[in-house]
Structure formats: C-alpha cells, structure tokens
file query30.cif (mmCIF, N, CA and C atoms)
data_model
loop_
_atom_site.label_atom_id
_atom_site.label_comp_id
_atom_site.auth_asym_id
_atom_site.auth_seq_id
_atom_site.Cartn_x
_atom_site.Cartn_y
_atom_site.Cartn_z
N TRP A 1 -8.02 -4.26 67.27
CA TRP A 1 -7.52 -2.92 67.40
C TRP A 1 -8.62 -1.91 67.06
N ALA A 2 -9.36 -2.17 66.00
CA ALA A 2 -10.42 -1.25 65.58
C ALA A 2 -11.48 -1.11 66.67
N MET A 3 -11.83 -2.22 67.30
CA MET A 3 -12.82 -2.16 68.38
C MET A 3 -12.28 -1.37 69.57
N ALA A 4 -11.03 -1.60 69.92
CA ALA A 4 -10.41 -0.86 71.03
C ALA A 4 -10.37 0.63 70.71
N ALA A 5 -10.03 0.97 69.46
CA ALA A 5 -9.97 2.37 69.06
C ALA A 5 -11.35 3.01 69.09
N HIS A 6 -12.36 2.24 68.71
CA HIS A 6 -13.73 2.75 68.72
C HIS A 6 -14.20 3.01 70.15
N LEU A 7 -13.83 2.15 71.06
CA LEU A 7 -14.29 2.25 72.44
C LEU A 7 -13.43 3.18 73.30
N GLU A 8 -12.21 3.38 72.92
CA GLU A 8 -11.28 4.14 73.76
C GLU A 8 -10.52 5.17 72.92
N ASP A 9 -10.78 6.46 73.18
CA ASP A 9 -10.10 7.53 72.44
C ASP A 9 -8.59 7.50 72.61
N LYS A 10 -8.12 7.00 73.74
CA LYS A 10 -6.68 6.98 74.02
C LYS A 10 -5.92 6.12 73.01
N VAL A 11 -6.56 5.11 72.49
CA VAL A 11 -5.91 4.24 71.51
C VAL A 11 -5.57 5.04 70.25
N LEU A 12 -6.52 5.82 69.75
CA LEU A 12 -6.27 6.65 68.57
C LEU A 12 -5.27 7.76 68.87
N GLU A 13 -5.36 8.33 70.07
CA GLU A 13 -4.42 9.39 70.45
C GLU A 13 -2.99 8.85 70.48
N GLU A 14 -2.82 7.66 71.04
CA GLU A 14 -1.49 7.04 71.11
C GLU A 14 -0.97 6.72 69.71
N ARG A 15 -1.83 6.23 68.86
CA ARG A 15 -1.44 5.94 67.48
C ARG A 15 -1.00 7.21 66.76
N SER A 16 -1.78 8.27 66.92
CA SER A 16 -1.44 9.55 66.29
C SER A 16 -0.12 10.09 66.83
N ARG A 17 0.09 9.94 68.14
CA ARG A 17 1.33 10.42 68.76
C ARG A 17 2.53 9.66 68.21
N ARG A 18 2.42 8.34 68.12
CA ARG A 18 3.52 7.53 67.59
C ARG A 18 3.83 7.88 66.14
N LEU A 19 2.79 8.05 65.36
CA LEU A 19 2.99 8.37 63.95
C LEU A 19 3.61 9.76 63.79
N ALA A 20 3.15 10.73 64.55
CA ALA A 20 3.71 12.08 64.49
C ALA A 20 5.18 12.06 64.88
N ARG A 21 5.52 11.28 65.89
CA ARG A 21 6.92 11.18 66.33
C ARG A 21 7.78 10.58 65.23
N PHE A 22 7.26 9.55 64.57
CA PHE A 22 8.02 8.92 63.50
C PHE A 22 8.23 9.89 62.34
N ILE A 23 7.21 10.62 61.96
CA ILE A 23 7.33 11.58 60.86
C ILE A 23 8.36 12.65 61.21
N GLU A 24 8.36 13.05 62.47
CA GLU A 24 9.34 14.03 62.96
C GLU A 24 10.76 13.46 62.84
N VAL A 25 10.93 12.22 63.27
CA VAL A 25 12.24 11.57 63.22
C VAL A 25 12.71 11.38 61.78
N ALA A 26 11.78 11.15 60.88
CA ALA A 26 12.13 10.92 59.48
C ALA A 26 12.85 12.11 58.86
N SER A 27 12.61 13.29 59.38
CA SER A 27 13.29 14.46 58.83
C SER A 27 14.35 15.02 59.79
N ALA A 28 14.67 14.25 60.83
CA ALA A 28 15.64 14.69 61.83
C ALA A 28 17.06 14.29 61.42
N PRO A 29 18.04 14.96 62.00
CA PRO A 29 19.43 14.56 61.73
C PRO A 29 19.74 13.18 62.34
N ARG A 30 20.82 12.61 61.88
CA ARG A 30 21.22 11.26 62.30
C ARG A 30 21.27 11.10 63.81
N SER A 31 21.79 12.08 64.51
CA SER A 31 21.91 11.97 65.97
C SER A 31 20.56 11.79 66.64
N GLN A 32 19.54 12.49 66.16
CA GLN A 32 18.20 12.34 66.73
C GLN A 32 17.59 10.99 66.35
N ARG A 33 17.89 10.51 65.18
CA ARG A 33 17.40 9.19 64.77
C ARG A 33 17.98 8.11 65.68
N LEU A 34 19.26 8.22 65.97
CA LEU A 34 19.89 7.22 66.83
C LEU A 34 19.38 7.32 68.26
N ALA A 35 19.09 8.53 68.72
CA ALA A 35 18.50 8.69 70.05
C ALA A 35 17.12 8.05 70.10
N TYR A 36 16.36 8.18 69.01
CA TYR A 36 15.04 7.56 68.93
C TYR A 36 15.17 6.04 68.94
N ALA A 37 16.17 5.50 68.25
CA ALA A 37 16.42 4.06 68.26
C ALA A 37 16.69 3.59 69.69
N ALA A 38 17.44 4.38 70.45
CA ALA A 38 17.72 4.02 71.85
C ALA A 38 16.44 4.03 72.69
N GLU A 39 15.56 5.02 72.43
CA GLU A 39 14.27 5.06 73.14
C GLU A 39 13.47 3.79 72.85
N LEU A 40 13.40 3.42 71.58
CA LEU A 40 12.65 2.23 71.20
C LEU A 40 13.27 0.97 71.79
N ALA A 41 14.59 0.89 71.80
CA ALA A 41 15.26 -0.28 72.36
C ALA A 41 14.96 -0.40 73.85
N ALA A 42 14.91 0.73 74.55
CA ALA A 42 14.56 0.71 75.97
C ALA A 42 13.13 0.21 76.16
N GLN A 43 12.21 0.65 75.29
CA GLN A 43 10.83 0.16 75.34
C GLN A 43 10.79 -1.34 75.09
N PHE A 44 11.61 -1.80 74.16
CA PHE A 44 11.65 -3.21 73.81
C PHE A 44 12.08 -4.04 75.02
N GLY A 45 12.99 -3.50 75.80
CA GLY A 45 13.45 -4.18 77.00
C GLY A 45 12.34 -4.36 78.03
N ARG A 46 11.36 -3.47 78.02
CA ARG A 46 10.23 -3.56 78.97
C ARG A 46 9.09 -4.41 78.40
N GLY A 47 9.11 -4.62 77.10
CA GLY A 47 8.08 -5.41 76.45
C GLY A 47 8.09 -5.16 74.96
N ALA A 48 8.18 -6.22 74.21
CA ALA A 48 8.33 -6.11 72.75
C ALA A 48 7.07 -5.62 72.07
N ASP A 49 5.91 -5.78 72.70
CA ASP A 49 4.65 -5.43 72.04
C ASP A 49 4.59 -3.98 71.58
N SER A 50 5.05 -3.07 72.41
CA SER A 50 5.00 -1.65 72.07
C SER A 50 5.83 -1.36 70.81
N VAL A 51 7.01 -1.93 70.74
CA VAL A 51 7.89 -1.72 69.59
C VAL A 51 7.30 -2.40 68.36
N ASP A 52 6.75 -3.60 68.53
CA ASP A 52 6.10 -4.29 67.41
C ASP A 52 4.96 -3.45 66.85
N GLU A 53 4.17 -2.85 67.73
CA GLU A 53 3.06 -1.99 67.28
C GLU A 53 3.58 -0.77 66.54
N THR A 54 4.67 -0.21 67.04
CA THR A 54 5.27 0.96 66.38
C THR A 54 5.77 0.58 64.99
N LEU A 55 6.46 -0.54 64.87
CA LEU A 55 6.95 -0.97 63.56
C LEU A 55 5.79 -1.25 62.60
N GLU A 56 4.72 -1.83 63.13
CA GLU A 56 3.54 -2.10 62.29
C GLU A 56 2.90 -0.78 61.82
N LEU A 57 2.86 0.20 62.69
CA LEU A 57 2.34 1.51 62.32
C LEU A 57 3.18 2.12 61.21
N TRP A 58 4.50 2.01 61.32
CA TRP A 58 5.39 2.52 60.27
C TRP A 58 5.18 1.79 58.96
N ARG A 59 5.00 0.48 59.04
CA ARG A 59 4.74 -0.29 57.81
C ARG A 59 3.50 0.24 57.11
N GLY A 60 2.46 0.51 57.89
CA GLY A 60 1.24 1.05 57.31
C GLY A 60 1.46 2.41 56.67
N TRP A 61 2.24 3.25 57.34
CA TRP A 61 2.54 4.58 56.81
C TRP A 61 3.30 4.47 55.48
N TRP A 62 4.37 3.66 55.47
CA TRP A 62 5.18 3.53 54.26
C TRP A 62 4.43 2.79 53.17
N ARG A 63 3.54 1.88 53.55
CA ARG A 63 2.69 1.21 52.57
C ARG A 63 1.79 2.25 51.90
N ASP A 64 1.25 3.17 52.70
CA ASP A 64 0.42 4.24 52.13
C ASP A 64 1.23 5.12 51.18
N LEU A 65 2.48 5.42 51.54
CA LEU A 65 3.33 6.21 50.64
C LEU A 65 3.53 5.47 49.32
N LEU A 66 3.75 4.16 49.42
CA LEU A 66 3.92 3.34 48.23
C LEU A 66 2.67 3.35 47.36
N LEU A 67 1.53 3.22 48.00
CA LEU A 67 0.27 3.24 47.25
C LEU A 67 0.05 4.57 46.54
N VAL A 68 0.28 5.67 47.24
CA VAL A 68 0.10 6.99 46.65
C VAL A 68 1.08 7.17 45.49
N LYS A 69 2.32 6.78 45.71
CA LYS A 69 3.34 6.92 44.67
C LYS A 69 2.98 6.09 43.43
N GLY A 70 2.32 4.95 43.66
CA GLY A 70 1.95 4.07 42.56
C GLY A 70 0.57 4.33 41.99
N GLY A 71 -0.12 5.37 42.46
CA GLY A 71 -1.43 5.72 41.93
C GLY A 71 -2.61 5.08 42.63
N GLY A 72 -2.38 4.43 43.76
CA GLY A 72 -3.46 3.76 44.49
C GLY A 72 -3.92 4.55 45.69
N GLN A 73 -4.03 5.84 45.56
CA GLN A 73 -4.36 6.73 46.68
C GLN A 73 -5.66 6.34 47.39
N ARG A 74 -6.62 5.83 46.66
CA ARG A 74 -7.91 5.51 47.27
C ARG A 74 -7.83 4.29 48.18
N LEU A 75 -6.68 3.57 48.16
CA LEU A 75 -6.51 2.35 48.95
C LEU A 75 -5.75 2.57 50.26
N ILE A 76 -5.35 3.80 50.56
CA ILE A 76 -4.53 4.02 51.75
C ILE A 76 -5.32 3.76 53.02
N ALA A 77 -4.59 3.36 54.06
CA ALA A 77 -5.21 3.06 55.36
C ALA A 77 -5.37 4.32 56.20
N ASN A 78 -4.44 5.25 56.08
CA ASN A 78 -4.47 6.47 56.89
C ASN A 78 -5.26 7.57 56.17
N VAL A 79 -6.53 7.30 55.91
CA VAL A 79 -7.34 8.24 55.13
C VAL A 79 -7.47 9.59 55.81
N ASN A 80 -7.43 9.61 57.13
CA ASN A 80 -7.52 10.87 57.86
C ASN A 80 -6.27 11.72 57.68
N LEU A 81 -5.19 11.11 57.21
CA LEU A 81 -3.92 11.82 57.01
C LEU A 81 -3.56 11.93 55.52
N GLU A 82 -4.54 11.77 54.65
CA GLU A 82 -4.30 11.73 53.22
C GLU A 82 -3.46 12.90 52.69
N PRO A 83 -3.73 14.15 53.10
CA PRO A 83 -2.86 15.23 52.59
C PRO A 83 -1.39 15.06 53.01
N SER A 84 -1.17 14.63 54.24
CA SER A 84 0.21 14.40 54.71
C SER A 84 0.85 13.24 53.98
N VAL A 85 0.09 12.18 53.76
CA VAL A 85 0.61 11.03 53.03
C VAL A 85 1.02 11.45 51.63
N SER A 86 0.18 12.22 50.96
CA SER A 86 0.50 12.67 49.60
C SER A 86 1.73 13.56 49.58
N ASP A 87 1.82 14.47 50.55
CA ASP A 87 2.98 15.36 50.64
C ASP A 87 4.26 14.57 50.87
N GLU A 88 4.20 13.62 51.79
CA GLU A 88 5.38 12.80 52.10
C GLU A 88 5.76 11.91 50.92
N ALA A 89 4.78 11.32 50.26
CA ALA A 89 5.06 10.44 49.12
C ALA A 89 5.83 11.20 48.03
N ALA A 90 5.52 12.46 47.87
CA ALA A 90 6.19 13.27 46.85
C ALA A 90 7.68 13.48 47.18
N GLN A 91 8.07 13.24 48.42
CA GLN A 91 9.45 13.48 48.85
C GLN A 91 10.38 12.31 48.54
N TYR A 92 9.83 11.16 48.14
CA TYR A 92 10.63 9.96 47.98
C TYR A 92 10.42 9.31 46.62
N GLU A 93 11.44 8.64 46.16
CA GLU A 93 11.35 7.83 44.95
C GLU A 93 10.66 6.52 45.31
N LEU A 94 9.98 5.91 44.35
CA LEU A 94 9.28 4.64 44.57
C LEU A 94 10.24 3.56 45.07
N ALA A 95 11.40 3.45 44.47
CA ALA A 95 12.37 2.43 44.88
C ALA A 95 12.85 2.66 46.31
N THR A 96 12.96 3.90 46.71
CA THR A 96 13.39 4.23 48.07
C THR A 96 12.34 3.77 49.08
N ILE A 97 11.08 3.98 48.76
CA ILE A 97 9.99 3.55 49.63
C ILE A 97 10.01 2.03 49.76
N ARG A 98 10.17 1.34 48.65
CA ARG A 98 10.23 -0.12 48.68
C ARG A 98 11.38 -0.62 49.54
N ARG A 99 12.55 -0.01 49.37
CA ARG A 99 13.72 -0.43 50.15
C ARG A 99 13.48 -0.26 51.64
N PHE A 100 12.85 0.87 52.03
CA PHE A 100 12.64 1.06 53.46
C PHE A 100 11.58 0.10 53.99
N LEU A 101 10.58 -0.21 53.22
CA LEU A 101 9.61 -1.24 53.64
C LEU A 101 10.33 -2.57 53.87
N GLN A 102 11.28 -2.89 53.01
CA GLN A 102 12.07 -4.12 53.19
C GLN A 102 12.90 -4.02 54.47
N SER A 103 13.46 -2.85 54.74
CA SER A 103 14.24 -2.66 55.97
C SER A 103 13.37 -2.86 57.21
N LEU A 104 12.14 -2.37 57.14
CA LEU A 104 11.20 -2.57 58.26
C LEU A 104 10.92 -4.06 58.47
N ASP A 105 10.68 -4.77 57.39
CA ASP A 105 10.44 -6.21 57.49
C ASP A 105 11.65 -6.94 58.05
N ASP A 106 12.83 -6.56 57.57
CA ASP A 106 14.07 -7.18 58.06
C ASP A 106 14.24 -6.93 59.56
N ALA A 107 14.00 -5.71 59.98
CA ALA A 107 14.14 -5.37 61.41
C ALA A 107 13.16 -6.18 62.25
N GLY A 108 11.94 -6.31 61.79
CA GLY A 108 10.95 -7.09 62.52
C GLY A 108 11.37 -8.54 62.68
N ARG A 109 11.89 -9.13 61.61
CA ARG A 109 12.35 -10.52 61.67
C ARG A 109 13.54 -10.66 62.62
N GLN A 110 14.45 -9.71 62.57
CA GLN A 110 15.62 -9.77 63.45
C GLN A 110 15.21 -9.65 64.92
N LEU A 111 14.26 -8.79 65.21
CA LEU A 111 13.79 -8.65 66.58
C LEU A 111 13.09 -9.93 67.05
N GLU A 112 12.34 -10.55 66.16
CA GLU A 112 11.69 -11.83 66.50
C GLU A 112 12.72 -12.90 66.83
N ARG A 113 13.87 -12.83 66.18
CA ARG A 113 14.94 -13.82 66.40
C ARG A 113 15.83 -13.44 67.58
N ARG A 114 15.44 -12.43 68.30
CA ARG A 114 16.15 -12.00 69.51
C ARG A 114 17.51 -11.36 69.23
N ALA A 115 17.63 -10.69 68.11
CA ALA A 115 18.84 -9.91 67.84
C ALA A 115 18.87 -8.73 68.81
N ASN A 116 20.02 -8.13 68.96
CA ASN A 116 20.18 -6.99 69.86
C ASN A 116 19.26 -5.86 69.40
N PRO A 117 18.24 -5.49 70.20
CA PRO A 117 17.27 -4.47 69.77
C PRO A 117 17.90 -3.12 69.44
N LEU A 118 18.88 -2.70 70.23
CA LEU A 118 19.49 -1.41 69.96
C LEU A 118 20.18 -1.41 68.60
N LEU A 119 20.93 -2.46 68.31
CA LEU A 119 21.63 -2.52 67.02
C LEU A 119 20.65 -2.59 65.86
N VAL A 120 19.62 -3.42 65.99
CA VAL A 120 18.62 -3.56 64.93
C VAL A 120 17.94 -2.22 64.67
N LEU A 121 17.55 -1.53 65.73
CA LEU A 121 16.82 -0.26 65.57
C LEU A 121 17.74 0.87 65.10
N GLU A 122 19.01 0.83 65.50
CA GLU A 122 19.95 1.82 64.98
C GLU A 122 20.14 1.64 63.47
N VAL A 123 20.30 0.40 63.04
CA VAL A 123 20.46 0.13 61.60
C VAL A 123 19.20 0.59 60.85
N LEU A 124 18.04 0.32 61.45
CA LEU A 124 16.79 0.75 60.82
C LEU A 124 16.74 2.27 60.69
N MET A 125 17.13 2.98 61.74
CA MET A 125 17.10 4.45 61.69
C MET A 125 18.13 4.99 60.69
N LEU A 126 19.24 4.29 60.55
CA LEU A 126 20.24 4.72 59.56
C LEU A 126 19.77 4.44 58.14
N SER A 127 18.88 3.45 57.98
CA SER A 127 18.36 3.15 56.65
C SER A 127 17.13 3.99 56.30
N LEU A 128 16.62 4.72 57.26
CA LEU A 128 15.47 5.58 57.02
C LEU A 128 15.85 6.61 55.97
N PRO A 129 15.15 6.61 54.84
CA PRO A 129 15.57 7.49 53.73
C PRO A 129 15.38 8.97 54.05
N HIS A 130 16.23 9.74 53.44
CA HIS A 130 16.12 11.19 53.55
C HIS A 130 15.18 11.68 52.47
N ARG A 131 14.44 12.70 52.79
CA ARG A 131 13.55 13.29 51.80
C ARG A 131 14.37 13.80 50.63
N SER A 132 13.85 13.62 49.43
CA SER A 132 14.60 14.04 48.25
C SER A 132 14.75 15.55 48.17
N LYS A 133 13.82 16.28 48.72
CA LYS A 133 13.87 17.74 48.64
C LYS A 133 14.45 18.37 49.91
N GLU A 134 14.83 17.54 50.86
CA GLU A 134 15.28 18.06 52.14
C GLU A 134 16.37 17.15 52.69
N ARG A 135 17.56 17.25 52.16
CA ARG A 135 18.66 16.37 52.56
C ARG A 135 19.13 16.72 53.97
N GLU A 136 19.52 15.68 54.68
CA GLU A 136 20.05 15.88 56.04
C GLU A 136 21.41 16.53 55.94
N VAL A 137 21.59 17.58 56.71
CA VAL A 137 22.86 18.24 56.76
C VAL A 137 23.28 18.23 58.22
N GLU A 138 24.38 17.57 58.48
CA GLU A 138 24.87 17.46 59.84
C GLU A 138 26.36 17.72 59.81
N ALA A 139 26.81 18.56 60.72
CA ALA A 139 28.23 18.88 60.76
C ALA A 139 29.04 17.62 61.05
N SER A 140 30.14 17.48 60.36
CA SER A 140 30.98 16.32 60.63
C SER A 140 31.76 16.56 61.91
N PRO A 141 32.06 15.50 62.65
CA PRO A 141 32.77 15.66 63.90
C PRO A 141 34.13 16.30 63.69
N ALA A 142 34.52 17.14 64.61
CA ALA A 142 35.80 17.84 64.49
C ALA A 142 36.93 17.00 65.01
#

call {"tool": "encode", "arguments": {"input": "query30.cif", "output": "structure tokens"}}
result
Amino acid sequence: WAMAAHLEDKVLEERSRRLARFIEVASAPRSQRLAYAAELAAQFGRGADSVDETLELWRGWWRDLLLVKGGGQRLIANVNLEPSVSDEAAQYELATIRRFLQSLDDAGRQLERRANPLLVLEVLMLSLPHRSKEREVEASPA
C-alpha cells in the first residue's frame, strides 16, 4: 500500500476521502449512518475488498484515538491528521473507543463468514459511539 501511495497520488486521495466520509458519518444522525451502511453493503456486493479497506482504515483511525487517549500520541499512524485525531480523541471515553474497536473487529469477522453485509454494517453504524460533547439528537417518529 505504501508503495502504491508513493507512486500514485490517487491512492492517498481515496484514503483521505474515505476517512473524511467516515468522520462525517461519525457525527451524523442515525438515519445518515444507516444510509452509509447501505452504501457500504452495495460496495460489498460488487467486491469485498473496498469494504475491507474501509474497515481497516477505520481501525487505524480508532487505534490512533486510543493511542492519543492513552498518552501514546507519538505512535499514531495518521500523523498528517494529528490535530484532528487529538480533537476527536477528546470527544470519547477510553472504554468507548475500545468497545468500538471491538465492534469493528466483530464486523470484519462476520463479513468474512459471509453474514448479511447490510445487517452487519447497520449494526456497526448503530454501535458507532456518539461524541461525548455532541450527542445525536433526532426527532422520534410521529
């Protein structure tokens, strides 16, 4: 991946786009999260590699949040996004970050076992923690 990124700017651009989309979804209301799960499930139907790469990117992001929260800021992988990582890490409790990393691992295993991608990804999006300083507020259905 590093060699491909070094040789092709599009690889880094795509990575940045995926990460920005995920960060956006992390603070979105439930309906947008579920719509994103449907987008990913559709991608999975065309080829699992894209979704696997996306989940791996998220793992790296949440791993960085965990490192920053635990005082290991110098060990983060997304060094170019260090201010964003620090800002985001401040929004979550350490236990919450750990739980979501576990949810990511669980989703990856379920997808490998050929579980229904839409259901797996919807559960993952529902387990995506809300920022502690910015709770999701969504009108209840009438």

call {"tool": "resolve_selection", "arguments": {"input": "query30.cif", "expression": "the PyMOL selection byres (((chain A and resi 66-83 and name CA) around 10) and name CA)", "output": "number ranges by chain"}}
result
A: 16, 60-65, 84-98, 101

call {"tool": "closest_atom_pairs", "arguments": {"input": "query30.cif", "of": "segment 11-31 of chain A", "to": "segment 47-59 of chain A", "cutoff": "8 Å", "atoms": "all atoms listed in the file", "output": "JSON lines"}}
result
{"residue": "A:Arg15", "atom": "CA", "partner": "A:Leu57", "partner_atom": "CA", "distance": 7.8}
{"residue": "A:Arg18", "atom": "CA", "partner": "A:Thr54", "partner_atom": "CA", "distance": 6.9}
{"residue": "A:Leu19", "atom": "CA", "partner": "A:Leu57", "partner_atom": "C", "distance": 6.8}
{"residue": "A:Phe22", "atom": "CA", "partner": "A:Trp58", "partner_atom": "CA", "distance": 7.6}

call {"tool": "write_last_selection", "arguments": {"input": "query30.cif", "atoms": "N, CA and C atoms", "output": "PDB file, keeping the file's coordinate frame"}}
result
ATOM      1  N   ARG A  15      -1.830   6.230  68.860  1.00  0.00           N
ATOM      2  CA  ARG A  15      -1.440   5.940  67.480  1.00  0.00           C
ATOM      3  C   ARG A  15      -1.000   7.210  66.760  1.00  0.00           C
ATOM      4  N   ARG A  18       2.420   8.340  68.120  1.00  0.00           N
ATOM      5  CA  ARG A  18       3.520   7.530  67.590  1.00  0.00           C
ATOM      6  C   ARG A  18       3.830   7.880  66.140  1.00  0.00           C
ATOM      7  N   LEU A  19       2.790   8.050  65.360  1.00  0.00           N
ATOM      8  CA  LEU A  19       2.990   8.370  63.950  1.00  0.00           C
ATOM      9  C   LEU A  19       3.610   9.760  63.790  1.00  0.00           C
ATOM     10  N   PHE A  22       7.260   9.550  64.570  1.00  0.00           N
ATOM     11  CA  PHE A  22       8.020   8.920  63.500  1.00  0.00           C
ATOM     12  C   PHE A  22       8.230   9.890  62.340  1.00  0.00           C
TER      13      PHE A  22
END

call {"tool": "residues_around", "arguments": {"input": "query30.cif", "residues": "Ala42 of chain A", "least_positions_apart": "5", "cutoff": "9 Å", "atoms": "only C-alpha atoms", "output": "PyMOL selection string"}}
result
chain A and resi 37+47+117-118

call {"tool": "resolve_selection", "arguments": {"input": "query30.cif", "expression": "the PyMOL selection byres ((chain A and resi 104-107) around 8)", "output": "short mmCIF file (atom, residue, chain, number, x, y, z; two decimals) with N, CA and C atoms, keeping the file's coordinate frame"}}
result
data_model
loop_
_atom_site.label_atom_id
_atom_site.label_comp_id
_atom_site.auth_asym_id
_atom_site.auth_seq_id
_atom_site.Cartn_x
_atom_site.Cartn_y
_atom_site.Cartn_z
N LEU A 55 6.46 -0.54 64.87
CA LEU A 55 6.95 -0.97 63.56
C LEU A 55 5.79 -1.25 62.60
N TRP A 58 4.50 2.01 61.32
CA TRP A 58 5.39 2.52 60.27
C TRP A 58 5.18 1.79 58.96
N ARG A 59 5.00 0.48 59.04
CA ARG A 59 4.74 -0.29 57.81
C ARG A 59 3.50 0.24 57.11
N ARG A 98 10.17 1.34 48.65
CA ARG A 98 10.23 -0.12 48.68
C ARG A 98 11.38 -0.62 49.54
N ARG A 99 12.55 -0.01 49.37
CA ARG A 99 13.72 -0.43 50.15
C ARG A 99 13.48 -0.26 51.64
N PHE A 100 12.85 0.87 52.03
CA PHE A 100 12.64 1.06 53.46
C PHE A 100 11.58 0.10 53.99
N LEU A 101 10.58 -0.21 53.22
CA LEU A 101 9.61 -1.24 53.64
C LEU A 101 10.33 -2.57 53.87
N GLN A 102 11.28 -2.89 53.01
CA GLN A 102 12.07 -4.12 53.19
C GLN A 102 12.90 -4.02 54.47
N SER A 103 13.46 -2.85 54.74
CA SER A 103 14.24 -2.66 55.97
C SER A 103 13.37 -2.86 57.21
N GLY A 108 11.94 -6.31 61.79
CA GLY A 108 10.95 -7.09 62.52
C GLY A 108 11.37 -8.54 62.68
N ARG A 109 11.89 -9.13 61.61
CA ARG A 109 12.35 -10.52 61.67
C ARG A 109 13.54 -10.66 62.62
N GLN A 110 14.45 -9.71 62.57
CA GLN A 110 15.62 -9.77 63.45
C GLN A 110 15.21 -9.65 64.92
N LEU A 111 14.26 -8.79 65.21
CA LEU A 111 13.79 -8.65 66.58
C LEU A 111 13.09 -9.93 67.05
N GLU A 112 12.34 -10.55 66.16
CA GLU A 112 11.69 -11.83 66.50
C GLU A 112 12.72 -12.90 66.83
N ARG A 113 13.87 -12.83 66.18
CA ARG A 113 14.94 -13.82 66.40
C ARG A 113 15.83 -13.44 67.58
N VAL A 120 19.62 -3.42 65.99
CA VAL A 120 18.62 -3.56 64.93
C VAL A 120 17.94 -2.22 64.67
N LEU A 121 17.55 -1.53 65.73
CA LEU A 121 16.82 -0.26 65.57
C LEU A 121 17.74 0.87 65.10
N VAL A 123 20.30 0.40 63.04
CA VAL A 123 20.46 0.13 61.60
C VAL A 123 19.20 0.59 60.85
N LEU A 124 18.04 0.32 61.45
CA LEU A 124 16.79 0.75 60.82
C LEU A 124 16.74 2.27 60.69
#

call {"tool": "atom_distance", "arguments": {"input": "query30.cif", "atom1": "atom CA of Ala20 of chain A", "atom2": "atom CA of Asn116 of chain A"}}
result
25.8 Å

call {"tool": "select_by_dssp", "arguments": {"input": "query30.cif", "residues": "segment 94-136 of chain A", "states": "alpha helix (DSSP H)", "output": "ChimeraX atom specification"}}
result
/A:94-112,117-127

call {"tool": "atom_distance", "arguments": {"input": "query30.cif", "atom1": "atom C of Arg33 of chain A", "atom2": "atom N of Ser127 of chain A"}}
result
9.0 Å

call {"tool": "atom_distance", "arguments": {"input": "query30.cif", "atom1": "atom CA of Leu126 of chain A", "atom2": "atom CA of Arg21 of chain A"}}
result
16.3 Å
